[in-house]
Amino acid sequence: MTTSSFDEKRCESISENIKLIREKISVAAIKSGRNYEDIKLMAVTKTVPVEYINYSIDNCGIDLIGENKVQEFLSKKDELHLDGVEKHLIGHLQTNKVKKIVPLVDMIQSVDSLHLAEEISKQAQNNGLNMKILLEVNIGSEESKTGFDKSKFFEVMSQISELPMLTVNGIMTIPPICDDENELRKYFTTMSQYFYDIKEKNYKNFNMEILSMGMSGDYTQAIECGANLVRIGSLIYGARIYK
Ligand SMILES: *Cc1c(COP(=O)(O)O)cnc(C)c1O
């Protein structure tokens, strides 16, 4: 990674963006009977150059980051200031890349099949570590999206609970793009119900504590509907430039 184009102005705006987001998180948390401290803010760092990620870690208190791609995380990780920072994989994970990523991240949020969960369990055993995962739900049943189908989701739960060295810490989703805010809230509210339904069942190896939903465009609504981890990228770092 080159540092030739380090832009002070961009850093200033990152600081301001994070400050504003925290204020809005606080308001949304209170609206839903909680506090700022109950909500985790993840900085989504895909396509963001390492120097700006490091700026947000060193200067803005970012202590949780999310990357989408195994390869991208591998290419950045040595330059990142990751002391005390939690790292989650949030993008679709191919089975053949599980081996590489398991030793390097604290959580995999994007588990979307029993097969993938089995492979993560296997690699966790090989590495002698316990892997935390979230189950990703395709809440809008969209063809274009990954995630468990709502109908299959509950079927696999008991099988996943039998997998060694795996802890299911909660669920995550990306809802469909909605013009209608009521429709959006319906998806978030359904997720919230799933979260409590699963929690009540007390599956073995489940420690239901994270409801991961809400991105740059909808995090306040997500929090109001029960989210306790929001994943925000462009609203922190600016629009993504894909190469
Ligand atoms: C990119 C991404 C985000 C962040 O998206 P923004 O709209 O930029 O906030 C959140 N979650 C996942 C899974 C993503 O891929």
# chains A, B, ... in the order shown; residues from 1 in each chain; ligands from 1
call {"tool": "closest_atom_pairs", "arguments": {"of": "chain A", "to": "ligand 1", "cutoff": "7 Å", "atoms": "only C-alpha atoms and all ligand atoms", "output": "Markdown table"}}
result
| residue | atom | partner | partner_atom_place_in_ligand_line | distance |
| --- | --- | --- | --- | --- |
| A:Val44 | CA | ligand 1 | 4 (C) | 5.5 |
| A:Lys46 | CA | ligand 1 | 1 (C) | 6.7 |
| A:Asn68 | CA | ligand 1 | 15 (O) | 5.8 |
| A:Ile90 | CA | ligand 1 | 13 (C) | 4.9 |
| A:Gly91 | CA | ligand 1 | 13 (C) | 5.4 |
| A:Ile174 | CA | ligand 1 | 13 (C) | 6.7 |
| A:Met215 | CA | ligand 1 | 9 (O) | 4.2 |
| A:Ser216 | CA | ligand 1 | 9 (O) | 3.6 |
| A:Gly217 | CA | ligand 1 | 7 (O) | 6.1 |
| A:Arg231 | CA | ligand 1 | 10 (C) | 4.6 |
| A:Ile232 | CA | ligand 1 | 9 (O) | 3.7 |
| A:Gly233 | CA | ligand 1 | 8 (O) | 3.6 |
| A:Ser234 | CA | ligand 1 | 8 (O) | 3.7 |
| A:Leu235 | CA | ligand 1 | 9 (O) | 5.9 |
call {"tool": "residues_around", "arguments": {"residues": "Lys31 in chain A", "least_positions_apart": "3", "cutoff": "10 Å", "atoms": "only C-alpha atoms", "output": "number ranges by chain"}}
result
A: 25-28, 34-35, 220, 223-225
call {"tool": "write_last_selection", "arguments": {"atoms": "all heavy atoms", "output": "tab-separated table (two decimals), in the first residue's frame"}}
result
chain	number	residue	atom	x	y	z
A	25	ILE	N	-26.43	7.15	17.02
A	25	ILE	CA	-26.58	5.83	17.66
A	25	ILE	C	-27.18	6.02	19.05
A	25	ILE	O	-28.09	5.30	19.46
A	25	ILE	CB	-25.22	5.10	17.75
A	25	ILE	CG1	-24.78	4.63	16.36
A	25	ILE	CG2	-25.30	3.92	18.72
A	25	ILE	CD1	-23.40	3.97	16.32
A	26	SER	N	-26.66	7.02	19.74
A	26	SER	CA	-27.11	7.28	21.10
A	26	SER	C	-28.61	7.60	21.13
A	26	SER	O	-29.36	7.04	21.95
A	26	SER	CB	-26.29	8.43	21.67
A	26	SER	OG	-26.60	8.62	23.00
A	27	VAL	N	-29.05	8.47	20.22
A	27	VAL	CA	-30.47	8.84	20.15
A	27	VAL	C	-31.34	7.61	19.84
A	27	VAL	O	-32.36	7.37	20.50
A	27	VAL	CB	-30.69	9.94	19.07
A	27	VAL	CG1	-32.18	10.19	18.86
A	27	VAL	CG2	-29.98	11.23	19.47
A	28	ALA	N	-30.91	6.83	18.85
A	28	ALA	CA	-31.68	5.65	18.45
A	28	ALA	C	-31.72	4.61	19.57
A	28	ALA	O	-32.74	3.95	19.80
A	28	ALA	CB	-31.10	5.03	17.18
A	34	ARG	N	-32.55	1.64	25.31
A	34	ARG	CA	-31.19	1.20	25.65
A	34	ARG	C	-30.26	2.42	25.71
A	34	ARG	O	-30.71	3.55	25.63
A	34	ARG	CB	-30.71	0.19	24.61
A	34	ARG	CG	-31.51	-1.11	24.66
A	34	ARG	CD	-31.21	-2.03	23.51
A	34	ARG	NE	-31.59	-1.42	22.24
A	34	ARG	CZ	-31.19	-1.88	21.05
A	34	ARG	NH1	-30.39	-2.92	20.98
A	34	ARG	NH2	-31.59	-1.29	19.95
A	35	ASN	N	-28.98	2.15	25.85
A	35	ASN	CA	-27.99	3.23	25.92
A	35	ASN	C	-26.96	3.07	24.80
A	35	ASN	O	-26.84	2.01	24.21
A	35	ASN	CB	-27.24	3.19	27.25
A	35	ASN	CG	-28.15	3.50	28.40
A	35	ASN	OD1	-28.85	4.52	28.38
A	35	ASN	ND2	-28.18	2.61	29.36
A	220	THR	N	-30.01	3.79	11.95
A	220	THR	CA	-30.85	4.29	13.06
A	220	THR	C	-32.14	3.46	13.16
A	220	THR	O	-32.55	3.08	14.26
A	220	THR	CB	-31.17	5.79	12.93
A	220	THR	OG1	-31.83	6.03	11.68
A	220	THR	CG2	-29.91	6.63	13.02
A	223	ILE	N	-31.33	0.06	14.72
A	223	ILE	CA	-31.18	0.13	16.18
A	223	ILE	C	-32.55	0.26	16.85
A	223	ILE	O	-32.85	-0.43	17.83
A	223	ILE	CB	-30.26	1.30	16.59
A	223	ILE	CG1	-28.83	1.04	16.12
A	223	ILE	CG2	-30.29	1.52	18.11
A	223	ILE	CD1	-27.90	2.25	16.22
A	224	GLU	N	-33.39	1.11	16.29
A	224	GLU	CA	-34.72	1.29	16.88
A	224	GLU	C	-35.50	-0.02	16.89
A	224	GLU	O	-36.34	-0.24	17.75
A	224	GLU	CB	-35.49	2.36	16.12
A	224	GLU	CG	-34.98	3.77	16.44
A	224	GLU	CD	-35.64	4.85	15.59
A	224	GLU	OE1	-36.81	4.68	15.20
A	224	GLU	OE2	-34.97	5.86	15.33
A	225	CYS	N	-35.19	-0.91	15.93
A	225	CYS	CA	-35.87	-2.22	15.87
A	225	CYS	C	-35.11	-3.31	16.63
A	225	CYS	O	-35.50	-4.47	16.57
A	225	CYS	CB	-36.08	-2.64	14.42
A	225	CYS	SG	-37.14	-1.55	13.47
call {"tool": "select_by_dssp", "arguments": {"residues": "range 63-222 of chain A", "states": "helix (DSSP H, G or I)", "output": "ChimeraX atom specification"}}
result
/A:70-79,95-101,114-127,150-160,181-201,219-222
call {"tool": "residues_around", "arguments": {"residues": "range 53-62 of chain A", "least_positions_apart": "6", "cutoff": "7 Å", "atoms": "only C-alpha atoms", "output": "count of residues only"}}
result
6
call {"tool": "select_by_dssp", "arguments": {"residues": "range 41-233 of chain A", "states": "strand (DSSP E)", "output": "VMD selection string"}}
result
chain A and resid 41 to 44 64 to 67 86 to 89 107 to 111 131 to 137 166 to 173 206 to 212 229 to 232
call {"tool": "atom_distance", "arguments": {"atom1": "CA of Lys132 in chain A", "atom2": "CA of Gly226 in chain A"}}
result
20.8 Å
call {"tool": "residues_around", "arguments": {"residues": "Lys152 in chain A", "least_positions_apart": "4", "cutoff": "10 Å", "atoms": "only C-alpha atoms", "output": "PyMOL selection string"}}
result
chain A and resi 113+137+148+156-157
call {"tool": "write_last_selection", "arguments": {"atoms": "N, CA and C atoms", "output": "JSON list (two decimals), in the first residue's frame"}}
result
[["chain", "number", "residue", "atom", "x", "y", "z"],
["A", 113, "SER", "N", -24.44, -21.31, 5.37],
["A", 113, "SER", "CA", -24.81, -22.70, 5.08],
["A", 113, "SER", "C", -24.25, -23.61, 6.16],
["A", 137, "VAL", "N", -28.96, -14.29, 7.69],
["A", 137, "VAL", "CA", -30.31, -14.60, 7.21],
["A", 137, "VAL", "C", -30.62, -13.75, 5.98],
["A", 148, "PHE", "N", -28.99, -17.63, 4.91],
["A", 148, "PHE", "CA", -29.94, -18.72, 5.01],
["A", 148, "PHE", "C", -31.32, -18.26, 4.57],
["A", 156, "VAL", "N", -31.53, -26.06, 10.33],
["A", 156, "VAL", "CA", -30.12, -26.40, 10.53],
["A", 156, "VAL", "C", -29.60, -26.08, 11.93],
["A", 157, "MET", "N", -30.40, -25.33, 12.65],
["A", 157, "MET", "CA", -29.95, -24.83, 13.96],
["A", 157, "MET", "C", -29.43, -25.93, 14.89]]
call {"tool": "atom_distance", "arguments": {"atom1": "CA of Ser161 in chain A", "atom2": "CA of Ser121 in chain A"}}
result
10.8 Å
call {"tool": "residues_around", "arguments": {"residues": "Arg185 in chain A", "least_positions_apart": "3", "cutoff": "9 Å", "atoms": "only C-alpha atoms", "output": "CSV table (one decimal) with N, CA, C and O atoms, in the first residue's frame"}}
result
chain,number,residue,atom,x,y,z
A,180,ASP,N,-39.9,2.1,1.1
A,180,ASP,CA,-40.9,2.3,2.1
A,180,ASP,C,-40.3,2.0,3.5
A,180,ASP,O,-39.8,0.8,3.7
A,181,GLU,N,-40.2,2.9,4.3
A,181,GLU,CA,-39.5,2.7,5.6
A,181,GLU,C,-40.3,1.7,6.5
A,181,GLU,O,-39.6,1.0,7.3
A,182,ASN,N,-41.6,1.6,6.4
A,182,ASN,CA,-42.3,0.6,7.1
A,182,ASN,C,-41.9,-0.8,6.7
A,182,ASN,O,-41.9,-1.7,7.6
A,188,PHE,N,-36.4,-5.7,9.8
A,188,PHE,CA,-35.6,-5.6,11.0
A,188,PHE,C,-36.4,-6.2,12.2
A,188,PHE,O,-35.8,-6.8,13.1
A,189,THR,N,-37.6,-5.9,12.3
A,189,THR,CA,-38.4,-6.4,13.5
A,189,THR,C,-38.5,-7.9,13.4
A,189,THR,O,-38.4,-8.6,14.5
A,190,THR,N,-38.7,-8.5,12.2
A,190,THR,CA,-38.7,-9.9,12.1
A,190,THR,C,-37.4,-10.5,12.6
A,190,THR,O,-37.3,-11.5,13.3
A,221,GLN,N,-32.7,3.1,12.0
A,221,GLN,CA,-33.9,2.3,12.0
A,221,GLN,C,-33.6,0.9,12.6
A,221,GLN,O,-34.4,0.4,13.3
A,222,ALA,N,-32.5,0.4,12.2
A,222,ALA,CA,-32.1,-1.0,12.7
A,222,ALA,C,-32.0,-1.0,14.2
A,222,ALA,O,-32.5,-1.9,14.8
A,224,GLU,N,-33.4,1.1,16.3
A,224,GLU,CA,-34.7,1.3,16.9
A,224,GLU,C,-35.5,0.0,16.9
A,224,GLU,O,-36.3,-0.2,17.8
A,225,CYS,N,-35.2,-0.9,15.9
A,225,CYS,CA,-35.9,-2.2,15.9
A,225,CYS,C,-35.1,-3.3,16.6
A,225,CYS,O,-35.5,-4.5,16.6
call {"tool": "closest_residue", "arguments": {"among": "A:Gly147, A:Gly140, A:Gly33, A:Pro164", "to": "Lys204 in chain A", "atoms": "only C-alpha atoms"}}
result
A:Pro164
call {"tool": "residues_around", "arguments": {"residues": "range 99-104 of chain A", "least_positions_apart": "4", "cutoff": "7 Å", "atoms": "only C-alpha atoms", "output": "ChimeraX atom specification"}}
result
/A:70,123-124,127
call {"tool": "write_last_selection", "arguments": {"atoms": "N, CA and C atoms", "output": "mmCIF file, in the first residue's frame"}}
result
data_model
loop_
_atom_site.group_PDB
_atom_site.id
_atom_site.type_symbol
_atom_site.label_atom_id
_atom_site.label_comp_id
_atom_site.auth_asym_id
_atom_site.auth_seq_id
_atom_site.Cartn_x
_atom_site.Cartn_y
_atom_site.Cartn_z
ATOM 1 N N VAL A 70 -11.485 -12.196 2.154
ATOM 2 C CA VAL A 70 -10.328 -12.805 2.793
ATOM 3 C C VAL A 70 -9.039 -12.231 2.208
ATOM 4 N N GLN A 123 -11.768 -26.371 10.804
ATOM 5 C CA GLN A 123 -10.542 -25.564 10.841
ATOM 6 C C GLN A 123 -10.296 -24.996 12.239
ATOM 7 N N ALA A 124 -11.355 -24.706 12.964
ATOM 8 C CA ALA A 124 -11.196 -24.237 14.346
ATOM 9 C C ALA A 124 -10.547 -25.336 15.180
ATOM 10 N N ASN A 127 -6.901 -25.577 14.473
ATOM 11 C CA ASN A 127 -6.137 -24.476 15.048
ATOM 12 C C ASN A 127 -6.224 -24.429 16.572
#
call {"tool": "closest_residue", "arguments": {"among": "A:Asp149, A:Glu183, A:Glu23, A:Glu51", "to": "Lys77 in chain A", "atoms": "only C-alpha atoms"}}
result
A:Glu51
